[in-house]
>>> print(open('structure-v3.tsv').read())   # TSV, C-alpha atoms and all ligand atoms
chain	number	residue	atom	x	y	z
A	1	MET	CA	-142.26	-43.03	95.68
A	2	ASN	CA	-138.82	-43.26	97.22
A	3	LEU	CA	-136.12	-44.06	94.68
A	4	GLN	CA	-133.76	-45.41	97.28
A	5	GLN	CA	-134.04	-47.20	100.57
A	6	PRO	CA	-133.11	-44.98	103.49
A	7	ASN	CA	-131.76	-46.25	106.82
A	8	ALA	CA	-129.86	-49.28	105.53
A	9	ASN	CA	-127.17	-49.70	102.93
A	10	GLU	CA	-124.24	-51.94	102.20
A	11	ALA	CA	-122.04	-48.84	102.03
A	12	THR	CA	-122.60	-48.16	105.72
A	13	ARG	CA	-122.75	-51.89	106.46
A	14	THR	CA	-126.29	-51.62	107.77
A	15	SER	CA	-129.42	-53.66	107.19
A	16	ASN	CA	-133.00	-53.91	108.41
A	17	ARG	CA	-134.12	-56.62	110.78
A	18	SER	CA	-137.38	-57.03	108.87
A	19	ARG	CA	-138.18	-57.56	105.21
A	20	SER	CA	-141.08	-55.11	105.59
A	21	VAL	CA	-139.72	-51.58	105.49
A	22	VAL	CA	-141.48	-48.19	105.42
A	23	PRO	CA	-140.28	-46.62	102.15
A	24	SER	CA	-140.14	-43.04	103.38
A	25	SER	CA	-138.23	-43.65	106.63
A	26	GLY	CA	-136.51	-46.97	106.10
A	27	LEU	CA	-137.76	-48.19	109.48
A	28	CYS	CA	-139.05	-51.73	109.80
A	29	THR	CA	-142.85	-51.76	109.96
A	30	ARG	CA	-142.37	-53.24	113.44
A	31	CYS	CA	-139.51	-51.40	115.13
A	32	VAL	CA	-139.27	-53.62	118.18
A	33	ASP	CA	-138.00	-52.89	121.65
A	34	GLY	CA	-134.80	-54.84	122.19
A	35	CYS	CA	-134.05	-55.20	118.48
A	36	ARG	CA	-130.55	-56.41	117.81
A	37	GLY	CA	-130.82	-55.43	114.19
A	38	ASN	CA	-128.39	-53.33	112.31
A	39	CYS	CA	-130.10	-50.39	110.62
A	40	GLU	CA	-128.51	-46.92	110.53
A	41	ILE	CA	-130.74	-45.59	113.30
A	42	PHE	CA	-129.87	-48.60	115.44
A	43	GLN	CA	-126.16	-48.10	114.86
A	44	ALA	CA	-126.32	-44.34	115.33
A	45	THR	CA	-127.56	-44.81	118.89
A	46	PHE	CA	-124.22	-46.52	119.64
A	47	ARG	CA	-121.76	-45.09	117.17
A	48	GLY	CA	-123.09	-41.58	116.52
A	49	ARG	CA	-121.69	-39.69	113.57
A	50	GLU	CA	-119.30	-42.52	112.71
A	51	VAL	CA	-122.20	-44.24	110.94
A	52	ILE	CA	-122.27	-41.68	108.13
A	53	TYR	CA	-118.92	-43.00	106.90
A	54	PRO	CA	-118.93	-45.81	104.40
A	55	GLY	CA	-116.53	-48.44	105.57
A	56	PRO	CA	-114.19	-50.01	106.21
A	57	PHE	CA	-112.29	-46.72	106.26
A	58	GLY	CA	-109.50	-46.54	103.73
A	59	GLU	CA	-110.53	-49.77	102.00
A	60	ILE	CA	-113.43	-48.81	99.73
A	61	THR	CA	-114.97	-46.34	97.40
A	62	ALA	CA	-118.74	-46.02	97.71
A	63	GLY	CA	-121.44	-45.06	95.26
A	64	GLY	CA	-125.12	-44.22	95.61
A	65	ASP	CA	-127.67	-46.84	94.56
A	66	LYS	CA	-130.57	-44.49	93.93
A	67	ASN	CA	-132.83	-46.17	91.41
A	68	TYR	CA	-133.47	-43.40	88.88
A	69	PRO	CA	-136.62	-44.03	86.88
A	70	LEU	CA	-134.76	-43.45	83.63
A	71	ASP	CA	-131.36	-44.73	82.57
A	72	TYR	CA	-129.48	-45.66	79.44
A	73	SER	CA	-130.96	-49.16	79.42
A	74	HIS	CA	-134.28	-47.57	78.43
A	75	LEU	CA	-132.80	-46.39	75.16
A	76	ASN	CA	-132.19	-48.51	72.10
A	77	ILE	CA	-129.68	-47.36	69.55
A	78	GLN	CA	-130.65	-48.89	66.26
A	79	GLY	CA	-127.32	-49.07	64.55
A	80	TYR	CA	-126.68	-49.89	60.96
A	81	ALA	CA	-123.61	-50.85	58.99
A	82	LEU	CA	-123.60	-48.88	55.79
A	83	GLY	CA	-120.53	-47.17	54.41
A	84	ALA	CA	-117.51	-45.90	56.33
A	85	LYS	CA	-116.39	-42.35	57.15
A	86	GLY	CA	-113.06	-41.00	58.36
A	87	LEU	CA	-110.82	-43.48	56.59
A	88	PRO	CA	-107.44	-42.20	55.38
A	89	LYS	CA	-107.51	-40.63	51.96
A	90	GLY	CA	-107.54	-43.17	49.17
A	91	VAL	CA	-108.60	-46.07	51.38
A	92	GLU	CA	-111.82	-47.65	50.25
A	93	GLY	CA	-114.37	-48.59	52.92
A	94	ASN	CA	-114.88	-52.33	52.89
A	95	PRO	CA	-115.05	-55.13	55.48
A	96	ASP	CA	-111.24	-55.33	55.59
A	97	THR	CA	-110.56	-51.62	56.18
A	98	ALA	CA	-113.59	-50.47	58.21
A	99	THR	CA	-112.71	-52.36	61.37
A	100	PHE	CA	-112.95	-51.45	65.04
A	101	PRO	CA	-109.18	-51.48	65.69
A	102	ALA	CA	-108.73	-48.93	62.91
A	103	VAL	CA	-110.94	-46.35	64.62
A	104	ASN	CA	-109.03	-43.25	65.66
A	105	THR	CA	-110.19	-42.07	69.08
A	106	GLU	CA	-107.58	-39.35	69.50
A	107	THR	CA	-108.60	-35.82	70.33
A	108	ASP	CA	-107.21	-32.73	72.06
A	109	TYR	CA	-108.35	-29.85	74.26
A	110	GLY	CA	-107.12	-26.40	75.21
A	111	TRP	CA	-107.16	-23.01	73.51
A	112	ASP	CA	-103.56	-21.88	73.08
A	113	ILE	CA	-101.83	-24.97	74.44
A	114	LYS	CA	-103.27	-28.18	73.10
A	115	VAL	CA	-103.24	-31.38	75.13
A	116	LYS	CA	-103.52	-34.50	72.99
A	117	MET	CA	-105.43	-37.53	74.25
A	118	ARG	CA	-105.57	-41.08	72.96
A	119	VAL	CA	-109.19	-41.35	74.08
A	120	PRO	CA	-111.41	-38.55	75.39
A	121	ILE	CA	-111.38	-39.52	79.05
A	122	PHE	CA	-110.65	-37.59	82.23
A	123	THR	CA	-110.43	-39.61	85.43
A	124	GLY	CA	-112.44	-38.72	88.47
A	125	ALA	CA	-110.52	-36.57	90.94
A	126	LEU	CA	-108.75	-38.76	93.48
A	127	GLY	CA	-107.53	-36.55	96.27
A	128	SER	CA	-106.87	-36.67	99.97
A	129	THR	CA	-108.72	-39.84	100.85
A	130	GLU	CA	-106.72	-42.80	102.14
A	131	ILE	CA	-108.05	-45.10	99.40
A	132	ALA	CA	-106.77	-42.66	96.76
A	133	ARG	CA	-103.39	-42.22	98.42
A	134	LYS	CA	-102.54	-45.88	98.69
A	135	ASN	CA	-103.88	-46.85	95.25
A	136	TRP	CA	-102.28	-43.96	93.41
A	137	GLU	CA	-99.49	-45.87	91.63
A	138	HIS	CA	-101.58	-48.21	89.49
A	139	PHE	CA	-104.21	-45.55	88.89
A	140	ALA	CA	-101.65	-43.00	87.68
A	141	VAL	CA	-99.64	-45.48	85.64
A	142	GLY	CA	-102.80	-46.81	83.99
A	143	ALA	CA	-103.89	-43.29	83.02
A	144	ALA	CA	-100.43	-42.41	81.71
A	145	ILE	CA	-100.03	-45.46	79.47
A	146	SER	CA	-103.63	-45.12	78.26
A	147	GLY	CA	-102.97	-41.53	77.20
A	148	VAL	CA	-105.80	-39.98	79.23
A	149	THR	CA	-105.84	-37.06	81.64
A	150	LEU	CA	-105.42	-37.80	85.31
A	151	VAL	CA	-107.10	-35.51	87.82
A	152	CYS	CA	-105.43	-35.27	91.21
A	153	GLY	CA	-108.07	-34.22	93.71
A	154	GLU	CA	-107.99	-31.53	96.32
A	155	ASN	CA	-106.25	-31.25	99.69
A	156	VAL	CA	-103.44	-33.69	98.88
A	157	CYS	CA	-100.81	-31.29	100.19
A	158	GLY	CA	-102.78	-30.22	103.25
A	159	ILE	CA	-103.28	-33.79	104.48
A	160	ASN	CA	-99.66	-34.83	103.95
A	161	PRO	CA	-97.92	-35.18	107.37
A	162	GLN	CA	-94.55	-34.45	105.72
A	163	LEU	CA	-95.76	-31.12	104.28
A	164	GLU	CA	-93.29	-28.27	104.82
A	165	LEU	CA	-94.37	-24.62	104.76
A	166	ASP	CA	-92.25	-21.50	104.47
A	167	SER	CA	-92.47	-18.43	106.70
A	168	ASN	CA	-95.44	-17.15	104.63
A	169	LYS	CA	-97.34	-20.40	105.21
A	170	LYS	CA	-96.87	-21.38	101.56
A	171	ILE	CA	-95.78	-24.82	100.45
A	172	LYS	CA	-92.05	-25.40	100.44
A	173	ASN	CA	-92.11	-29.18	100.13
A	174	ALA	CA	-95.06	-31.54	99.52
A	175	PRO	CA	-93.70	-35.10	99.20
A	176	ASP	CA	-96.99	-36.84	98.46
A	177	MET	CA	-97.87	-34.38	95.69
A	178	ASP	CA	-94.37	-34.88	94.29
A	179	ARG	CA	-94.83	-38.66	94.34
A	180	ARG	CA	-98.19	-38.44	92.56
A	181	ILE	CA	-96.95	-36.20	89.79
A	182	GLU	CA	-93.69	-38.08	89.31
A	183	THR	CA	-95.48	-41.42	89.09
A	184	TYR	CA	-97.69	-40.20	86.25
A	185	LYS	CA	-94.86	-38.44	84.45
A	186	ARG	CA	-92.61	-41.51	84.58
A	187	TYR	CA	-95.01	-43.36	82.26
A	188	HIS	CA	-96.40	-40.41	80.34
A	189	GLN	CA	-96.14	-40.91	76.58
A	190	GLY	CA	-97.14	-37.47	75.29
A	191	TYR	CA	-100.90	-37.98	75.54
A	192	GLY	CA	-103.05	-36.63	78.36
A	193	GLU	CA	-101.71	-34.71	81.33
A	194	ILE	CA	-101.95	-34.62	85.08
A	195	LEU	CA	-103.91	-31.71	86.45
A	196	VAL	CA	-104.45	-30.72	90.05
A	197	GLN	CA	-107.73	-29.75	91.58
A	198	MET	CA	-107.68	-26.99	94.18
A	199	ASN	CA	-110.06	-26.01	96.94
A	200	VAL	CA	-109.89	-22.89	99.12
A	201	GLU	CA	-107.21	-24.34	101.43
A	202	ASP	CA	-105.09	-25.43	98.47
A	203	THR	CA	-105.29	-21.90	97.10
A	204	ARG	CA	-104.15	-20.46	100.44
A	205	LEU	CA	-101.26	-22.92	100.59
A	206	GLY	CA	-100.11	-22.01	97.08
A	207	VAL	CA	-100.60	-25.43	95.49
A	208	ALA	CA	-100.82	-24.00	91.95
A	209	GLU	CA	-97.59	-22.06	92.35
A	210	TYR	CA	-95.88	-25.13	93.80
A	211	VAL	CA	-96.89	-27.66	91.11
A	212	HIS	CA	-96.10	-25.17	88.35
A	213	ALA	CA	-92.70	-24.13	89.70
A	214	LYS	CA	-91.50	-27.57	90.74
A	215	HIS	CA	-93.16	-29.84	88.17
A	216	GLY	CA	-94.08	-27.58	85.28
A	217	LEU	CA	-97.79	-28.39	85.48
A	218	GLN	CA	-99.91	-26.04	83.43
A	219	THR	CA	-103.45	-27.01	84.32
A	220	ILE	CA	-105.41	-26.66	87.54
A	221	GLU	CA	-109.07	-27.10	88.32
A	222	LEU	CA	-110.49	-24.58	90.75
A	223	LYS	CA	-113.19	-25.98	92.93
A	224	TRP	CA	-116.00	-23.85	94.26
A	225	GLY	CA	-117.88	-26.39	96.34
A	226	GLN	CA	-118.87	-30.00	96.73
A	227	GLY	CA	-121.40	-31.37	94.31
A	228	ALA	CA	-120.96	-35.04	93.68
A	229	LYS	CA	-120.77	-36.49	97.15
A	230	CYS	CA	-123.23	-36.10	99.97
A	231	ILE	CA	-120.47	-36.22	102.60
A	232	GLY	CA	-117.87	-34.53	100.45
A	233	GLY	CA	-115.64	-31.96	102.06
A	234	GLU	CA	-114.76	-34.24	104.94
A	235	ILE	CA	-112.12	-36.86	105.27
A	236	LYS	CA	-111.37	-39.23	108.05
A	237	VAL	CA	-107.92	-39.72	109.56
A	238	LYS	CA	-106.56	-42.50	111.71
A	239	SER	CA	-105.23	-40.24	114.48
A	240	LEU	CA	-105.39	-36.66	115.74
A	241	GLU	CA	-101.66	-36.35	115.06
A	242	ARG	CA	-102.36	-37.09	111.39
A	243	ALA	CA	-105.04	-34.38	111.38
B	1	LIG	S1	-133.96	-50.76	115.14
B	1	LIG	FE1	-134.30	-52.85	114.41
B	1	LIG	S2	-136.52	-53.08	114.21
B	1	LIG	FE2	-136.08	-50.90	114.37
B	1	LIG	S3	-135.92	-50.20	112.25
B	1	LIG	FE3	-133.82	-50.72	112.91
B	1	LIG	S4	-133.54	-52.85	112.32
B	1	LIG	FE4	-135.73	-52.43	112.23
>>> encode(input="structure-v3.tsv", output="structure tokens")
Amino acid sequence: MNLQQPNANEATRTSNRSRSVVPSSGLCTRCVDGCRGNCEIFQATFRGREVIYPGPFGEITAGGDKNYPLDYSHLNIQGYALGAKGLPKGVEGNPDTATFPAVNTETDYGWDIKVKMRVPIFTGALGSTEIARKNWEHFAVGAAISGVTLVCGENVCGINPQLELDSNKKIKNAPDMDRRIETYKRYHQGYGEILVQMNVEDTRLGVAEYVHAKHGLQTIELKWGQGAKCIGGEIKVKSLERA
């Protein structure tokens, strides 16, 4: 049993000509000569590797729609309302005090240096993709005022056309990284932090040294490989000059 439908997906803006589709291949049961349909195989004959990119480029984020046989909707949590724990000392639990707005969701992490959070949430890592770059402001401001930790993804410095390197090929000036950090810090209210993810190229460029020396960041996330995304590790650019 195939848990997803290969060969056609909204993410790649492809579809089958027929309603009858072979589950294992995603081909229509009648793949007809002269088809003007729009499946991935059909498009790949014209557009080659371009088809693997969800599109339109720079305008979307894409997720997988694999239909796992088990998800949270299969579970029922049989809650009950009896008593109240965690109320301030001396406060009796009753319908007026044990209310949702009174719940304290704050927490912290870190061994020697604690980072407080208003709610235990880390964002996904938004890095060098165009959609992340141009939507950074509201994403970063939202994380800062919510008191959660914002993860800046990898390769942000390397993809920045205004990047300046010193004679040792280490970062001297990375304007887009500066912008991202400064945007978060402008609205930071003491909860959460911005941390920067680093891949091999970031390590070679000295991203950790740069964000620590220039912005005082104390947390990095070292990345060993791609796990979450089937086409991760690649980004698309609008021109060879940008590359
Ligand atoms: S080429 Fe056309 S007929 Fe063949 S599998 Fe694709 S959509 Fe279906």
>>> residues_near_ligand(input="structure-v3.tsv", ligand="ligand LIG 1 (chain B)", cutoff="9 Å", atoms="all atoms listed in the file", output="PyMOL selection string")
chain A and resi 7-8+14-18+20-21+25-43
>>> closest_residue(input="structure-v3.tsv", among="A:Arg133, A:Lys185, A:His212, A:Lys89", to="Asn160 (chain A)", atoms="only C-alpha atoms")
A:Arg133
>>> residues_around(input="structure-v3.tsv", residues="Asn168 (chain A)", least_positions_apart="4", cutoff="12 Å", atoms="all atoms listed in the file", output="PyMOL selection string")
chain A and resi 164+172+204-206
>>> residues_near_point(input="structure-v3.tsv", point="(-104.7, -47.1, 103.0)", cutoff="7 Å", atoms="all atoms listed in the file", output="mmCIF file with C-alpha atoms, keeping the file's coordinate frame")
data_model
loop_
_atom_site.group_PDB
_atom_site.id
_atom_site.type_symbol
_atom_site.label_atom_id
_atom_site.label_comp_id
_atom_site.auth_asym_id
_atom_site.auth_seq_id
_atom_site.Cartn_x
_atom_site.Cartn_y
_atom_site.Cartn_z
ATOM 1 C CA GLY A 58 -109.500 -46.540 103.730
ATOM 2 C CA GLU A 59 -110.530 -49.770 102.000
ATOM 3 C CA GLU A 130 -106.720 -42.800 102.140
ATOM 4 C CA ILE A 131 -108.050 -45.100 99.400
ATOM 5 C CA ARG A 133 -103.390 -42.220 98.420
ATOM 6 C CA LYS A 134 -102.540 -45.880 98.690
#
>>> atom_distance(input="structure-v3.tsv", atom1="CA of Val156 (chain A)", atom2="CA of Arg179 (chain A)")
10.9 Å
>>> residues_near_point(input="structure-v3.tsv", point="(-94.6, -41.8, 90.4)", cutoff="12 Å", atoms="all atoms listed in the file", output="ChimeraX atom specification")
/A:133,135-144,175-188,194
>>> write_last_selection(input="structure-v3.tsv", atoms="C-alpha atoms", output="PDB file, keeping the file's coordinate frame")
ATOM      1  CA  ARG A 133    -103.390 -42.220  98.420  1.00  0.00           C
ATOM      2  CA  ASN A 135    -103.880 -46.850  95.250  1.00  0.00           C
ATOM      3  CA  TRP A 136    -102.280 -43.960  93.410  1.00  0.00           C
ATOM      4  CA  GLU A 137     -99.490 -45.870  91.630  1.00  0.00           C
ATOM      5  CA  HIS A 138    -101.580 -48.210  89.490  1.00  0.00           C
ATOM      6  CA  PHE A 139    -104.210 -45.550  88.890  1.00  0.00           C
ATOM      7  CA  ALA A 140    -101.650 -43.000  87.680  1.00  0.00           C
ATOM      8  CA  VAL A 141     -99.640 -45.480  85.640  1.00  0.00           C
ATOM      9  CA  GLY A 142    -102.800 -46.810  83.990  1.00  0.00           C
ATOM     10  CA  ALA A 143    -103.890 -43.290  83.020  1.00  0.00           C
ATOM     11  CA  ALA A 144    -100.430 -42.410  81.710  1.00  0.00           C
ATOM     12  CA  PRO A 175     -93.700 -35.100  99.200  1.00  0.00           C
ATOM     13  CA  ASP A 176     -96.990 -36.840  98.460  1.00  0.00           C
ATOM     14  CA  MET A 177     -97.870 -34.380  95.690  1.00  0.00           C
ATOM     15  CA  ASP A 178     -94.370 -34.880  94.290  1.00  0.00           C
ATOM     16  CA  ARG A 179     -94.830 -38.660  94.340  1.00  0.00           C
ATOM     17  CA  ARG A 180     -98.190 -38.440  92.560  1.00  0.00           C
ATOM     18  CA  ILE A 181     -96.950 -36.200  89.790  1.00  0.00           C
ATOM     19  CA  GLU A 182     -93.690 -38.080  89.310  1.00  0.00           C
ATOM     20  CA  THR A 183     -95.480 -41.420  89.090  1.00  0.00           C
ATOM     21  CA  TYR A 184     -97.690 -40.200  86.250  1.00  0.00           C
ATOM     22  CA  LYS A 185     -94.860 -38.440  84.450  1.00  0.00           C
ATOM     23  CA  ARG A 186     -92.610 -41.510  84.580  1.00  0.00           C
ATOM     24  CA  TYR A 187     -95.010 -43.360  82.260  1.00  0.00           C
ATOM     25  CA  HIS A 188     -96.400 -40.410  80.340  1.00  0.00           C
ATOM     26  CA  ILE A 194    -101.950 -34.620  85.080  1.00  0.00           C
TER      27      ILE A 194
END
>>> atom_distance(input="structure-v3.tsv", atom1="CA of Glu193 (chain A)", atom2="CA of Leu150 (chain A)")
6.3 Å
>>> residues_around(input="structure-v3.tsv", residues="Lys66 (chain A)", least_positions_apart="6", cutoff="8 Å", atoms="only C-alpha atoms", output="PyMOL selection string")
chain A and resi 3-5
>>> atom_distance(input="structure-v3.tsv", atom1="CA of Glu221 (chain A)", atom2="CA of Met198 (chain A)")
6.0 Å
>>> residues_around(input="structure-v3.tsv", residues="region 74-81 of chain A", least_positions_apart="4", cutoff="12 Å", atoms="only C-alpha atoms", output="list in words")
Tyr68, Pro69, Leu70, Lys85, Gly93, Asn94, Pro95, Ala98 and Thr99 of chain A
>>> closest_residue(input="structure-v3.tsv", among="A:Val51, A:Gly90, A:Ile145, A:Pro101", to="Ala11 (chain A)", atoms="all atoms listed in the file")
A:Val51
>>> build_atoms(input="structure-v3.tsv", residues="region 50-85 of chain A", atoms="N, CA and C atoms", output="PDB file, keeping the file's coordinate frame")
ATOM      1  N   GLU A  50    -120.162 -41.574 113.423  1.00  0.00           N
ATOM      2  CA  GLU A  50    -119.300 -42.520 112.710  1.00  0.00           C
ATOM      3  C   GLU A  50    -120.075 -43.281 111.633  1.00  0.00           C
ATOM      4  N   VAL A  51    -121.394 -43.434 111.848  1.00  0.00           N
ATOM      5  CA  VAL A  51    -122.200 -44.240 110.940  1.00  0.00           C
ATOM      6  C   VAL A  51    -122.306 -43.606 109.545  1.00  0.00           C
ATOM      7  N   ILE A  52    -122.116 -42.288 109.458  1.00  0.00           N
ATOM      8  CA  ILE A  52    -122.270 -41.680 108.130  1.00  0.00           C
ATOM      9  C   ILE A  52    -121.131 -42.079 107.210  1.00  0.00           C
ATOM     10  N   TYR A  53    -120.066 -42.648 107.736  1.00  0.00           N
ATOM     11  CA  TYR A  53    -118.920 -43.000 106.900  1.00  0.00           C
ATOM     12  C   TYR A  53    -119.063 -44.387 106.326  1.00  0.00           C
ATOM     13  N   PRO A  54    -119.012 -44.476 105.002  1.00  0.00           N
ATOM     14  CA  PRO A  54    -118.930 -45.810 104.400  1.00  0.00           C
ATOM     15  C   PRO A  54    -117.660 -46.489 104.907  1.00  0.00           C
ATOM     16  N   GLY A  55    -117.710 -47.769 105.021  1.00  0.00           N
ATOM     17  CA  GLY A  55    -116.530 -48.440 105.570  1.00  0.00           C
ATOM     18  C   GLY A  55    -116.291 -49.774 104.901  1.00  0.00           C
ATOM     19  N   PRO A  56    -115.192 -50.436 105.233  1.00  0.00           N
ATOM     20  CA  PRO A  56    -114.190 -50.010 106.210  1.00  0.00           C
ATOM     21  C   PRO A  56    -113.332 -48.860 105.694  1.00  0.00           C
ATOM     22  N   PHE A  57    -113.024 -47.939 106.594  1.00  0.00           N
ATOM     23  CA  PHE A  57    -112.290 -46.720 106.260  1.00  0.00           C
ATOM     24  C   PHE A  57    -110.974 -47.044 105.550  1.00  0.00           C
ATOM     25  N   GLY A  58    -110.752 -46.380 104.460  1.00  0.00           N
ATOM     26  CA  GLY A  58    -109.500 -46.540 103.730  1.00  0.00           C
ATOM     27  C   GLY A  58    -109.452 -47.745 102.819  1.00  0.00           C
ATOM     28  N   GLU A  59    -110.549 -48.528 102.779  1.00  0.00           N
ATOM     29  CA  GLU A  59    -110.530 -49.770 102.000  1.00  0.00           C
ATOM     30  C   GLU A  59    -111.502 -49.755 100.823  1.00  0.00           C
ATOM     31  N   ILE A  60    -112.359 -48.756 100.739  1.00  0.00           N
ATOM     32  CA  ILE A  60    -113.430 -48.810  99.730  1.00  0.00           C
ATOM     33  C   ILE A  60    -113.657 -47.465  99.070  1.00  0.00           C
ATOM     34  N   THR A  61    -114.293 -47.517  97.920  1.00  0.00           N
ATOM     35  CA  THR A  61    -114.970 -46.340  97.400  1.00  0.00           C
ATOM     36  C   THR A  61    -116.457 -46.701  97.370  1.00  0.00           C
ATOM     37  N   ALA A  62    -117.315 -45.728  97.587  1.00  0.00           N
ATOM     38  CA  ALA A  62    -118.740 -46.020  97.710  1.00  0.00           C
ATOM     39  C   ALA A  62    -119.533 -45.186  96.716  1.00  0.00           C
ATOM     40  N   GLY A  63    -120.574 -45.778  96.169  1.00  0.00           N
ATOM     41  CA  GLY A  63    -121.440 -45.060  95.260  1.00  0.00           C
ATOM     42  C   GLY A  63    -122.878 -45.101  95.764  1.00  0.00           C
ATOM     43  N   GLY A  64    -123.717 -44.218  95.240  1.00  0.00           N
ATOM     44  CA  GLY A  64    -125.120 -44.220  95.610  1.00  0.00           C
ATOM     45  C   GLY A  64    -125.891 -45.226  94.759  1.00  0.00           C
ATOM     46  N   ASP A  65    -126.896 -45.868  95.340  1.00  0.00           N
ATOM     47  CA  ASP A  65    -127.670 -46.840  94.560  1.00  0.00           C
ATOM     48  C   ASP A  65    -129.104 -46.361  94.345  1.00  0.00           C
ATOM     49  N   LYS A  66    -129.250 -45.047  94.234  1.00  0.00           N
ATOM     50  CA  LYS A  66    -130.570 -44.490  93.930  1.00  0.00           C
ATOM     51  C   LYS A  66    -131.063 -45.051  92.600  1.00  0.00           C
ATOM     52  N   ASN A  67    -132.290 -45.511  92.590  1.00  0.00           N
ATOM     53  CA  ASN A  67    -132.830 -46.170  91.410  1.00  0.00           C
ATOM     54  C   ASN A  67    -133.577 -45.156  90.538  1.00  0.00           C
ATOM     55  N   TYR A  68    -132.849 -44.427  89.722  1.00  0.00           N
ATOM     56  CA  TYR A  68    -133.470 -43.400  88.880  1.00  0.00           C
ATOM     57  C   TYR A  68    -134.472 -44.047  87.938  1.00  0.00           C
ATOM     58  N   PRO A  69    -135.602 -43.395  87.721  1.00  0.00           N
ATOM     59  CA  PRO A  69    -136.620 -44.030  86.880  1.00  0.00           C
ATOM     60  C   PRO A  69    -136.241 -44.084  85.404  1.00  0.00           C
ATOM     61  N   LEU A  70    -135.169 -43.424  85.032  1.00  0.00           N
ATOM     62  CA  LEU A  70    -134.760 -43.450  83.630  1.00  0.00           C
ATOM     63  C   LEU A  70    -133.249 -43.651  83.570  1.00  0.00           C
ATOM     64  N   ASP A  71    -132.801 -44.592  82.778  1.00  0.00           N
ATOM     65  CA  ASP A  71    -131.360 -44.730  82.570  1.00  0.00           C
ATOM     66  C   ASP A  71    -131.098 -45.178  81.132  1.00  0.00           C
ATOM     67  N   TYR A  72    -129.847 -45.358  80.821  1.00  0.00           N
ATOM     68  CA  TYR A  72    -129.480 -45.660  79.440  1.00  0.00           C
ATOM     69  C   TYR A  72    -130.066 -46.982  78.950  1.00  0.00           C
ATOM     70  N   SER A  73    -130.411 -47.875  79.867  1.00  0.00           N
ATOM     71  CA  SER A  73    -130.960 -49.160  79.420  1.00  0.00           C
ATOM     72  C   SER A  73    -132.350 -48.985  78.813  1.00  0.00           C
ATOM     73  N   HIS A  74    -132.970 -47.809  79.021  1.00  0.00           N
ATOM     74  CA  HIS A  74    -134.280 -47.570  78.430  1.00  0.00           C
ATOM     75  C   HIS A  74    -134.181 -47.111  76.971  1.00  0.00           C
ATOM     76  N   LEU A  75    -132.977 -46.872  76.528  1.00  0.00           N
ATOM     77  CA  LEU A  75    -132.800 -46.390  75.160  1.00  0.00           C
ATOM     78  C   LEU A  75    -132.246 -47.509  74.281  1.00  0.00           C
ATOM     79  N   ASN A  76    -132.758 -47.602  73.096  1.00  0.00           N
ATOM     80  CA  ASN A  76    -132.190 -48.510  72.100  1.00  0.00           C
ATOM     81  C   ASN A  76    -131.548 -47.690  70.999  1.00  0.00           C
ATOM     82  N   ILE A  77    -130.329 -48.006  70.689  1.00  0.00           N
ATOM     83  CA  ILE A  77    -129.680 -47.360  69.550  1.00  0.00           C
ATOM     84  C   ILE A  77    -129.732 -48.350  68.399  1.00  0.00           C
ATOM     85  N   GLN A  78    -130.518 -47.992  67.400  1.00  0.00           N
ATOM     86  CA  GLN A  78    -130.650 -48.890  66.260  1.00  0.00           C
ATOM     87  C   GLN A  78    -129.538 -48.600  65.266  1.00  0.00           C
ATOM     88  N   GLY A  79    -128.466 -49.312  65.415  1.00  0.00           N
ATOM     89  CA  GLY A  79    -127.320 -49.070  64.550  1.00  0.00           C
ATOM     90  C   GLY A  79    -127.492 -49.694  63.186  1.00  0.00           C
ATOM     91  N   TYR A  80    -126.668 -49.268  62.292  1.00  0.00           N
ATOM     92  CA  TYR A  80    -126.680 -49.890  60.960  1.00  0.00           C
ATOM     93  C   TYR A  80    -125.241 -49.889  60.451  1.00  0.00           C
ATOM     94  N   ALA A  81    -124.956 -50.769  59.564  1.00  0.00           N
ATOM     95  CA  ALA A  81    -123.610 -50.850  58.990  1.00  0.00           C
ATOM     96  C   ALA A  81    -123.705 -50.544  57.510  1.00  0.00           C
ATOM     97  N   LEU A  82    -123.481 -49.296  57.190  1.00  0.00           N
ATOM     98  CA  LEU A  82    -123.600 -48.880  55.790  1.00  0.00           C
ATOM     99  C   LEU A  82    -122.552 -47.817  55.525  1.00  0.00           C
ATOM    100  N   GLY A  83    -121.573 -48.133  54.735  1.00  0.00           N
ATOM    101  CA  GLY A  83    -120.530 -47.170  54.410  1.00  0.00           C
ATOM    102  C   GLY A  83    -119.537 -46.994  55.541  1.00  0.00           C
ATOM    103  N   ALA A  84    -118.530 -46.172  55.323  1.00  0.00           N
ATOM    104  CA  ALA A  84    -117.510 -45.900  56.330  1.00  0.00           C
ATOM    105  C   ALA A  84    -116.988 -44.490  56.123  1.00  0.00           C
ATOM    106  N   LYS A  85    -116.884 -43.726  57.250  1.00  0.00           N
ATOM    107  CA  LYS A  85    -116.390 -42.350  57.150  1.00  0.00           C
ATOM    108  C   LYS A  85    -115.110 -42.226  57.965  1.00  0.00           C
TER     109      LYS A  85
END
